[in-house]
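Below: work-v1.pdb (PDB, C-alpha atoms)
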```
ATOM      1  CA  MET A  55       7.948 -19.882  -1.715
ATOM      2  CA  CYS A  56       6.028 -16.617  -1.210
ATOM      3  CA  HIS A  57       3.671 -18.461   1.133
ATOM      4  CA  GLN A  58       6.507 -19.655   3.325
ATOM      5  CA  THR A  59       7.998 -16.149   3.429
ATOM      6  CA  VAL A  60       4.786 -14.473   4.631
ATOM      7  CA  SER A  61       4.103 -17.322   7.068
ATOM      8  CA  LEU A  62       7.516 -16.912   8.699
ATOM      9  CA  ALA A  63       7.038 -13.134   8.849
ATOM     10  CA  ALA A  64       3.571 -13.615  10.383
ATOM     11  CA  ARG A  65       4.998 -15.914  13.040
ATOM     12  CA  HIS A  66       7.576 -13.283  13.990
ATOM     13  CA  LEU A  67       4.899 -10.593  14.276
ATOM     14  CA  GLU A  68       2.711 -12.868  16.413
ATOM     15  CA  GLU A  69       5.634 -13.707  18.698
ATOM     16  CA  ASN A  70       6.002  -9.975  19.256
ATOM     17  CA  GLY A  71       2.353  -9.277  19.996
ATOM     18  CA  VAL A  72       1.001  -8.236  16.584
ATOM     19  CA  PRO A  73      -2.075 -10.240  15.477
ATOM     20  CA  THR A  74      -1.856 -11.383  11.855
ATOM     21  CA  VAL A  75      -3.866 -13.003   9.110
ATOM     22  CA  VAL A  76      -2.186 -14.739   6.166
ATOM     23  CA  LEU A  77      -4.124 -14.658   2.881
ATOM     24  CA  GLY A  78      -3.022 -17.326   0.442
ATOM     25  CA  SER A  79      -3.731 -20.131  -1.988
ATOM     26  CA  ALA A  80      -1.006 -22.658  -1.077
ATOM     27  CA  ARG A  81      -2.671 -24.336   1.848
ATOM     28  CA  ASP A  82      -0.067 -26.968   2.603
ATOM     29  CA  ILE A  83       2.862 -24.552   2.767
ATOM     30  CA  VAL A  84       1.103 -22.170   5.185
ATOM     31  CA  GLU A  85      -0.300 -24.905   7.406
ATOM     32  CA  GLU A  86       2.971 -26.849   7.604
ATOM     33  CA  CYS A  87       4.766 -23.638   8.598
ATOM     34  CA  GLY A  88       2.062 -22.977  11.197
ATOM     35  CA  VAL A  89       0.422 -19.554  11.471
ATOM     36  CA  ALA A  90      -2.121 -18.012  13.817
ATOM     37  CA  ARG A  91      -4.869 -17.240  11.274
ATOM     38  CA  PHE A  92      -5.153 -18.153   7.598
ATOM     39  CA  VAL A  93      -7.719 -17.218   4.951
ATOM     40  CA  PHE A  94      -7.423 -19.838   2.226
ATOM     41  CA  THR A  95      -8.813 -19.233  -1.257
ATOM     42  CA  ASP A  96      -8.564 -22.292  -3.498
ATOM     43  CA  PHE A  97      -7.399 -20.423  -6.608
ATOM     44  CA  PRO A  98      -4.372 -20.747  -8.863
ATOM     45  CA  LEU A  99      -1.410 -18.941  -7.311
ATOM     46  CA  GLY A 100      -1.465 -15.192  -7.937
ATOM     47  CA  ASN A 101      -4.828 -13.853  -6.722
ATOM     48  CA  PRO A 102      -5.218 -14.843  -3.051
ATOM     49  CA  CYS A 103      -7.357 -11.759  -2.367
ATOM     50  CA  GLY A 104      -9.902 -12.316  -5.146
ATOM     51  CA  LYS A 105     -10.205 -12.502  -8.908
ATOM     52  CA  PRO A 106      -8.738  -9.628 -10.940
ATOM     53  CA  GLY A 107     -11.429  -7.036 -11.601
ATOM     54  CA  ASP A 108     -13.860  -8.495  -9.073
ATOM     55  CA  ALA A 109     -13.955  -5.820  -6.370
ATOM     56  CA  GLY A 110     -16.898  -7.495  -4.646
ATOM     57  CA  MET A 111     -15.004 -10.742  -4.190
ATOM     58  CA  GLN A 112     -11.897  -8.893  -3.052
ATOM     59  CA  ARG A 113     -13.981  -6.957  -0.499
ATOM     60  CA  SER A 114     -15.487 -10.197   0.741
ATOM     61  CA  ILE A 115     -12.115 -11.919   1.188
ATOM     62  CA  VAL A 116     -10.619  -8.935   3.028
ATOM     63  CA  GLY A 117     -13.775  -8.869   5.156
ATOM     64  CA  MET A 118     -13.288 -12.527   6.065
ATOM     65  CA  ALA A 119      -9.714 -11.761   7.141
ATOM     66  CA  LEU A 120     -11.023  -8.965   9.398
ATOM     67  CA  ASP A 121     -13.717 -11.241  10.835
ATOM     68  CA  LEU A 122     -11.079 -13.876  11.499
ATOM     69  CA  VAL A 123      -8.793 -11.572  13.444
ATOM     70  CA  GLU A 124     -11.723 -10.724  15.714
ATOM     71  CA  ARG A 125     -13.061 -14.208  16.204
ATOM     72  CA  ALA A 126     -10.194 -16.727  16.128
ATOM     73  CA  TRP A 127      -9.489 -17.951  19.634
ATOM     74  CA  ALA A 128      -6.596 -20.344  18.914
ATOM     75  CA  PRO A 129      -3.650 -20.517  16.486
ATOM     76  CA  ARG A 130      -3.793 -22.515  13.227
ATOM     77  CA  THR A 131      -7.321 -21.282  12.536
ATOM     78  CA  THR A 132      -7.939 -21.665   8.803
ATOM     79  CA  VAL A 133     -11.007 -20.294   7.069
ATOM     80  CA  GLN A 134     -11.636 -21.294   3.460
ATOM     81  CA  THR A 135     -13.441 -18.704   1.331
ATOM     82  CA  PRO A 136     -16.446 -19.978  -0.672
ATOM     83  CA  PHE A 137     -15.083 -18.946  -4.077
ATOM     84  CA  ARG A 138     -14.176 -21.254  -6.931
ATOM     85  CA  TRP A 139     -12.111 -20.625 -10.055
ATOM     86  CA  ASP A 140     -13.914 -20.897 -13.404
ATOM     87  CA  SER A 141     -12.426 -24.293 -14.224
ATOM     88  CA  ASP A 142     -10.222 -26.876 -12.534
ATOM     89  CA  GLU A 143      -7.647 -27.308 -15.317
ATOM     90  CA  TRP A 144      -5.031 -25.270 -13.466
ATOM     91  CA  ARG A 145      -4.855 -27.883 -10.716
ATOM     92  CA  ASP A 146      -3.172 -30.438 -12.963
ATOM     93  CA  ASN A 147      -1.389 -28.006 -15.261
ATOM     94  CA  TYR A 148       0.711 -26.063 -12.752
ATOM     95  CA  MET A 149       4.221 -27.550 -12.535
ATOM     96  CA  ARG A 150       2.963 -30.572 -14.443
ATOM     97  CA  VAL A 151       5.428 -33.438 -14.921
ATOM     98  CA  ASP A 152       4.456 -36.234 -17.298
ATOM     99  CA  ASP A 153       5.813 -38.146 -20.268
ATOM    100  CA  SER A 154       5.038 -35.254 -22.610
ATOM    101  CA  ASN A 155       7.456 -32.842 -20.916
ATOM    102  CA  ARG A 156       9.890 -34.974 -18.901
ATOM    103  CA  GLU A 157      12.751 -34.647 -21.411
ATOM    104  CA  ALA A 158      12.166 -30.925 -21.868
ATOM    105  CA  LEU A 159      12.256 -30.339 -18.107
ATOM    106  CA  ALA A 160      15.511 -32.309 -17.777
ATOM    107  CA  ARG A 161      17.042 -30.217 -20.576
ATOM    108  CA  ALA A 162      15.806 -27.005 -18.936
ATOM    109  CA  GLY A 163      17.443 -28.076 -15.673
ATOM    110  CA  ASP A 164      20.757 -28.791 -17.441
ATOM    111  CA  GLU A 165      20.588 -25.421 -19.165
ATOM    112  CA  ARG A 166      19.855 -23.635 -15.910
ATOM    113  CA  ARG A 167      22.782 -25.276 -14.161
ATOM    114  CA  ARG A 168      25.049 -24.404 -17.080
ATOM    115  CA  ARG A 169      24.017 -20.734 -16.921
ATOM    116  CA  GLN A 170      24.416 -20.639 -13.167
ATOM    117  CA  SER A 171      27.921 -22.059 -13.327
ATOM    118  CA  GLU A 172      28.814 -19.518 -16.023
ATOM    119  CA  LYS A 173      27.475 -16.729 -13.855
ATOM    120  CA  LYS A 174      29.464 -18.025 -10.901
ATOM    121  CA  ALA A 175      32.612 -18.094 -12.995
ATOM    122  CA  GLY A 176      31.930 -14.456 -13.957
ATOM    123  CA  ARG A 177      31.671 -15.151 -17.660
TER     124      ARG A 177
ATOM    125  CA  MET B  40     -22.557 -29.082  -4.782
ATOM    126  CA  LYS B  41     -21.865 -32.460  -3.205
ATOM    127  CA  GLN B  42     -19.255 -34.567  -4.960
ATOM    128  CA  ARG B  43     -17.205 -37.684  -4.210
ATOM    129  CA  ARG B  44     -13.464 -37.760  -4.831
ATOM    130  CA  ALA B  45     -10.668 -40.255  -4.270
ATOM    131  CA  TYR B  46      -8.110 -37.461  -3.813
ATOM    132  CA  ARG B  47      -7.816 -34.185  -1.933
ATOM    133  CA  SER B  48      -9.138 -31.156  -3.797
ATOM    134  CA  PHE B  49      -6.451 -28.611  -3.110
ATOM    135  CA  VAL B  50      -3.032 -28.732  -4.719
ATOM    136  CA  SER B  51      -0.084 -29.692  -2.531
ATOM    137  CA  TYR B  52       2.606 -27.288  -3.635
ATOM    138  CA  ILE B  53       5.176 -29.045  -1.470
ATOM    139  CA  ASP B  54       4.616 -32.299  -3.377
ATOM    140  CA  ARG B  55       4.210 -30.613  -6.753
ATOM    141  CA  SER B  56       7.356 -28.476  -6.545
ATOM    142  CA  ARG B  57       9.454 -31.392  -5.253
ATOM    143  CA  GLU B  58       8.487 -33.513  -8.263
ATOM    144  CA  TYR B  59       8.885 -30.601 -10.657
ATOM    145  CA  TYR B  60      12.421 -29.762  -9.558
ATOM    146  CA  ALA B  61      13.359 -33.440  -9.369
ATOM    147  CA  ALA B  62      12.376 -33.639 -13.053
ATOM    148  CA  HIS B  63      14.815 -30.764 -13.647
ATOM    149  CA  GLY B  64      17.573 -32.922 -12.190
ATOM    150  CA  TYR B  65      17.735 -31.424  -8.705
ATOM    151  CA  ALA B  66      18.223 -34.485  -6.546
ATOM    152  CA  GLN B  67      18.055 -32.739  -3.170
ATOM    153  CA  PRO B  68      14.509 -31.558  -2.425
ATOM    154  CA  TYR B  69      13.896 -28.214  -0.738
ATOM    155  CA  THR B  70      13.017 -28.623   2.920
ATOM    156  CA  TRP B  71      10.119 -26.412   3.948
ATOM    157  CA  ALA B  72       9.573 -24.726   7.305
ATOM    158  CA  CYS B  73       7.471 -26.955   9.548
ATOM    159  CA  HIS B  74       6.520 -26.114  13.134
ATOM    160  CA  ASP B  75       4.623 -28.054  15.771
ATOM    161  CA  ASP B  76       3.670 -24.841  17.534
ATOM    162  CA  ALA B  77       2.185 -21.599  16.220
ATOM    163  CA  PRO B  78       2.396 -18.304  18.132
ATOM    164  CA  PHE B  79      -0.878 -16.458  18.702
ATOM    165  CA  ALA B  80      -1.356 -12.800  19.631
ATOM    166  CA  PRO B  81      -4.965 -12.034  20.581
ATOM    167  CA  LEU B  82      -6.636  -8.843  19.392
ATOM    168  CA  GLU B  83      -6.349  -6.372  22.265
ATOM    169  CA  LYS B  84      -8.923  -3.746  21.273
ATOM    170  CA  PRO B  85     -11.933  -3.356  18.986
ATOM    171  CA  LEU B  86     -11.102  -3.638  15.311
ATOM    172  CA  SER B  87     -12.866  -0.323  14.730
ATOM    173  CA  ARG B  88     -10.010   1.308  16.661
ATOM    174  CA  CYS B  89      -7.212  -0.728  15.063
ATOM    175  CA  ARG B  90      -4.739   0.362  12.428
ATOM    176  CA  VAL B  91      -4.319  -2.389   9.842
ATOM    177  CA  GLY B  92      -1.194  -2.910   7.737
ATOM    178  CA  MET B  93      -0.402  -5.144   4.777
ATOM    179  CA  VAL B  94       2.632  -7.195   3.750
ATOM    180  CA  THR B  95       3.186  -8.361   0.179
ATOM    181  CA  THR B  96       5.813 -10.445  -1.590
ATOM    182  CA  ALA B  97       5.417  -8.384  -4.778
ATOM    183  CA  GLY B  98       8.142  -5.901  -5.681
ATOM    184  CA  ARG B  99       7.916  -2.222  -6.534
ATOM    185  CA  ALA B 100       6.869  -1.529 -10.112
ATOM    186  CA  ASP B 101      10.051   0.478 -10.728
ATOM    187  CA  SER B 102      12.462  -2.221  -9.481
ATOM    188  CA  PRO B 103      15.687  -2.257 -11.524
ATOM    189  CA  LEU B 104      15.751  -5.352 -13.763
ATOM    190  CA  ASP B 105      18.578  -7.487 -15.132
ATOM    191  CA  LYS B 106      18.882  -8.582 -18.769
ATOM    192  CA  ASP B 107      16.551 -11.548 -18.133
ATOM    193  CA  GLY B 108      13.776  -9.262 -16.870
ATOM    194  CA  ARG B 109      14.201 -10.302 -13.257
ATOM    195  CA  ARG B 110      14.755  -7.867 -10.417
ATOM    196  CA  GLU B 111      18.452  -7.224  -9.796
ATOM    197  CA  HIS B 112      17.679  -7.946  -6.185
ATOM    198  CA  ARG B 113      14.502  -8.558  -4.250
ATOM    199  CA  GLU B 114      14.360  -5.755  -1.737
ATOM    200  CA  LEU B 115      12.742  -5.312   1.639
ATOM    201  CA  TYR B 116      10.830  -2.038   1.509
ATOM    202  CA  ALA B 117       8.080   0.123   3.001
ATOM    203  CA  MET B 118       6.001   2.213   0.611
ATOM    204  CA  ALA B 119       3.096   4.672   0.846
ATOM    205  CA  ALA B 120      -0.238   2.854   0.953
ATOM    206  CA  SER B 121      -2.241   5.823  -0.331
ATOM    207  CA  PRO B 122      -2.796   6.198  -3.174
ATOM    208  CA  ALA B 123      -2.710   2.430  -3.636
ATOM    209  CA  PRO B 124      -0.095   1.471  -6.249
ATOM    210  CA  ALA B 125      -1.543   0.843  -9.708
ATOM    211  CA  ARG B 126       1.173  -1.658 -10.626
ATOM    212  CA  MET B 127       3.498  -4.004  -8.787
ATOM    213  CA  PHE B 128       6.332  -6.197 -10.067
ATOM    214  CA  THR B 129       5.511  -9.912  -9.880
ATOM    215  CA  ALA B 130       7.084 -11.381 -13.026
ATOM    216  CA  ASP B 131       9.998 -13.092 -11.285
ATOM    217  CA  LEU B 132       7.876 -14.796  -8.625
ATOM    218  CA  ALA B 133       6.422 -18.304  -8.932
ATOM    219  CA  TRP B 134       2.677 -17.989  -9.497
ATOM    220  CA  ASP B 135       0.377 -19.521 -12.098
ATOM    221  CA  LYS B 136       1.113 -17.381 -15.142
ATOM    222  CA  ALA B 137      -0.825 -19.753 -17.427
ATOM    223  CA  ALA B 138      -4.087 -19.588 -15.453
ATOM    224  CA  THR B 139      -4.247 -15.960 -14.329
ATOM    225  CA  HIS B 140      -2.556 -12.544 -14.208
ATOM    226  CA  THR B 141      -1.634  -9.933 -11.626
ATOM    227  CA  ASP B 142      -2.610  -6.789 -13.556
ATOM    228  CA  ASP B 143      -5.177  -5.945 -10.865
ATOM    229  CA  VAL B 144      -3.047  -5.202  -7.814
ATOM    230  CA  GLU B 145      -6.101  -5.500  -5.561
ATOM    231  CA  SER B 146      -6.205  -9.232  -6.334
ATOM    232  CA  PHE B 147      -3.087  -9.737  -4.217
ATOM    233  CA  LEU B 148      -2.548  -6.407  -2.398
ATOM    234  CA  PRO B 149      -6.043  -5.084  -1.620
ATOM    235  CA  LEU B 150      -5.150  -1.665  -0.190
ATOM    236  CA  SER B 151      -8.167   0.035  -1.804
ATOM    237  CA  ARG B 152     -10.513  -2.611  -0.386
ATOM    238  CA  LEU B 153      -8.908  -2.124   3.015
ATOM    239  CA  ALA B 154      -9.335   1.659   2.700
ATOM    240  CA  GLU B 155     -13.054   1.071   2.078
ATOM    241  CA  TYR B 156     -13.261  -0.769   5.403
ATOM    242  CA  ALA B 157     -11.534   2.193   7.070
ATOM    243  CA  ALA B 158     -13.991   4.605   5.421
ATOM    244  CA  ASN B 159     -17.020   2.688   6.695
ATOM    245  CA  GLY B 160     -15.595   2.308  10.205
ATOM    246  CA  ARG B 161     -15.044  -1.462  10.198
ATOM    247  CA  ILE B 162     -11.382  -0.778  10.981
ATOM    248  CA  GLY B 163      -9.831   2.322  12.524
ATOM    249  CA  SER B 164      -7.381   3.127   9.741
ATOM    250  CA  VAL B 165      -5.010   1.723   7.159
ATOM    251  CA  SER B 166      -1.313   1.984   7.950
ATOM    252  CA  PRO B 167       0.253   4.861   5.979
ATOM    253  CA  ARG B 168       2.770   2.369   4.566
ATOM    254  CA  PHE B 169       2.608  -1.193   3.338
ATOM    255  CA  TYR B 170       5.580  -3.523   3.531
ATOM    256  CA  GLY B 171       7.342  -5.568   0.869
ATOM    257  CA  VAL B 172       9.119  -8.726   1.945
ATOM    258  CA  PRO B 173      11.465 -10.483  -0.475
ATOM    259  CA  THR B 174      10.608 -14.093  -1.222
ATOM    260  CA  ASP B 175      13.714 -15.939  -0.127
ATOM    261  CA  TYR B 176      14.755 -19.583  -0.179
ATOM    262  CA  SER B 177      16.639 -18.899   3.043
ATOM    263  CA  GLN B 178      14.264 -19.225   5.972
ATOM    264  CA  GLY B 179      16.927 -17.601   8.162
ATOM    265  CA  ASN B 180      16.997 -14.482   5.975
ATOM    266  CA  THR B 181      13.223 -14.134   6.293
ATOM    267  CA  SER B 182      12.998 -14.843  10.021
ATOM    268  CA  LYS B 183      16.152 -13.125  11.239
ATOM    269  CA  ARG B 184      16.715 -10.298   8.745
ATOM    270  CA  ASP B 185      13.394  -9.366   7.097
ATOM    271  CA  ALA B 186      10.690 -10.119   9.672
ATOM    272  CA  PRO B 187      12.338  -8.028  12.436
ATOM    273  CA  LYS B 188      12.524  -5.053  10.072
ATOM    274  CA  ILE B 189       8.833  -5.407   9.202
ATOM    275  CA  LEU B 190       8.041  -5.515  12.916
ATOM    276  CA  GLU B 191      10.094  -2.339  13.401
ATOM    277  CA  TRP B 192       8.225  -0.549  10.597
ATOM    278  CA  ALA B 193       4.891  -1.812  11.922
ATOM    279  CA  ARG B 194       5.688  -0.350  15.335
ATOM    280  CA  GLU B 195       6.790   2.972  13.817
ATOM    281  CA  ASP B 196       3.474   3.147  11.960
ATOM    282  CA  GLY B 197       1.343   2.084  14.936
ATOM    283  CA  VAL B 198       0.053  -1.073  13.240
ATOM    284  CA  ASP B 199      -2.284  -3.128  15.461
ATOM    285  CA  VAL B 200      -3.152  -5.884  12.968
ATOM    286  CA  MET B 201      -1.190  -7.115   9.949
ATOM    287  CA  LEU B 202      -2.571  -8.865   6.872
ATOM    288  CA  LEU B 203       0.055 -10.763   4.873
ATOM    289  CA  SER B 204      -0.710 -11.782   1.321
ATOM    290  CA  ALA B 205       1.340 -14.316  -0.661
ATOM    291  CA  LEU B 206       1.481 -14.502  -4.457
TER     292      LEU B 206
END
```

Kindly present the structure from the file in structure tokens form.
Amino acid sequence: MCHQTVSLAARHLEENGVPTVVLGSARDIVEECGVARFVFTDFPLGNPCGKPGDAGMQRSIVGMALDLVERAWAPRTTVQTPFRWDSDEWRDNYMRVDDSNREALARAGDERRRRQSEKKAGR
Amino acid sequence: MKQRRAYRSFVSYIDRSREYYAAHGYAQPYTWACHDDAPFAPLEKPLSRCRVGMVTTAGRADSPLDKDGRREHRELYAMAASPAPARMFTADLAWDKAATHTDDVESFLPLSRLAEYAANGRIGSVSPRFYGVPTDYSQGNTSKRDAPKILEWAREDGVDVMLLSAL
């Protein structure tokens, strides 16, 4: 949801003459929304500007965003940074739904709805 | 390294979140913003003379919390960019808490890295404030309430270029 929020804000800034670059890790959300310039880092959500503690990588990603604002000549220009996460396990694990957790997720949903209706009723 | 795959490499969060919330019993999927067009503002002057600002979806570290440890409300705010904040509040946002952490603010709000580019002349300056935008399910709230306020702040601060980073 954060990616949609910044993409919509970027579109508003662009419409009003301010060049923007979105930095993110949820490629589909940003590209479906449609932004002028996007620096995509294929990491788990949370560190779109580089790994924690890696100032060199962070500097590089910010530098790519600055290069992009100078050089992009058309909207929807996406640049993917060359960095990879240490392993690929996160790709399948994030928001995983399978037979091992299906019942637990259904129960969690029921519980959430119950709490929300209690909150609504002011209890 | 060259590889062959029968699937796309990057995660589709639109697909993933739809299936995840369906498994929670939410029958109606969220409908994401989707545009055929995309506005484009060209850079009007050399970057070395531009003031660059940053937008984040993280909250202030001192945000008031409710009993569940979530912010009482996600606020729209502008905050001093120097010194760069040592901590930001991210716990109630949806990011991959199993795979990583957000203890290093520069990994999602790189104000110190940006200041280095100002110091070496790559950019003119960093905006004196950065801008916090609340993550909101309502696209109307973002586009009609929050984005215009960020534009107003950006104009007050003389921002020429904005970087927007999503958690």

Which protein, DNA or RNA residues are at most 10 Å from (8.2, -16.0, 10.6) in the file's coordinates when you count all atoms listed in the file, listed as a VMD selection string?
-> (chain A and resid 58 to 69 87 to 89) or (chain B and resid 72 77 to 78 178 to 179 181 to 183 185 to 187)

Run the PyMOL selection byres ((chain B and resi 139) around 10) mentally over the shown coordinates, then write out the matched residues as a PyMOL selection string, using the chain letters and numbers from the document.
-> (chain A and resi 97-101+105-106+144) or (chain B and resi 134-138+140-142)

Give me the residues within 12 Å of A:Met118 as number ranges by chain, counting only C-alpha atoms and dropping any in the same chain fewer than 6 places off.
-> A: 75-77, 91-95, 103-104, 111-112, 124-126, 132-136; B: 153, 156, 161, 202

Can you work out which one of A:Tyr148, A:Glu85, A:Glu165, A:Pro73 has the shortest atom-to-atom distance to B:Ala133, counting only C-alpha atoms?
->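 Answer, going by the shortest atom-to-atom distance: A:Tyr148.
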
Can you work out which one of B:Pro167, B:Gly197, B:Pro122, B:Pro149 has the shortest atom-to-atom distance to chain A, counting only C-alpha atoms?
->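 That would be B:Pro149, the residue with the smallest distance to chain A.
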
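Between atom CA of A:Ala158 and atom CA of B:Tyr65 there is a distance of 14.3 Å.
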
Name the residues, using the chain letters and numbers of the file, that sit within 12 Å of (-2.9, 3.0, -10.0) when counting all atoms listed in the file, and give them as JSON, numbers by chain.
-> {"B": [100, 120, 121, 122, 123, 124, 125, 126, 127, 142, 143, 144, 145, 150, 151]}

Kindly resolve the PyMOL selection byres ((chain B and resi 116) around 8) on the present coordinates and return the residues as a CSV table (one decimal) with C-alpha atoms, keeping the file's coordinate frame.
```
chain,number,residue,atom,x,y,z
B,114,GLU,CA,14.4,-5.8,-1.7
B,115,LEU,CA,12.7,-5.3,1.6
B,117,ALA,CA,8.1,0.1,3.0
B,118,MET,CA,6.0,2.2,0.6
B,170,TYR,CA,5.6,-3.5,3.5
B,171,GLY,CA,7.3,-5.6,0.9
B,172,VAL,CA,9.1,-8.7,1.9
```

Nearby residues (all atoms listed in the file) at most 7 Å from A:Ala160, same-chain spacing under 2 positions excluded, as JSON, numbers by chain | {"A": [156, 157, 158, 162, 163, 164], "B": [62, 63, 64]}
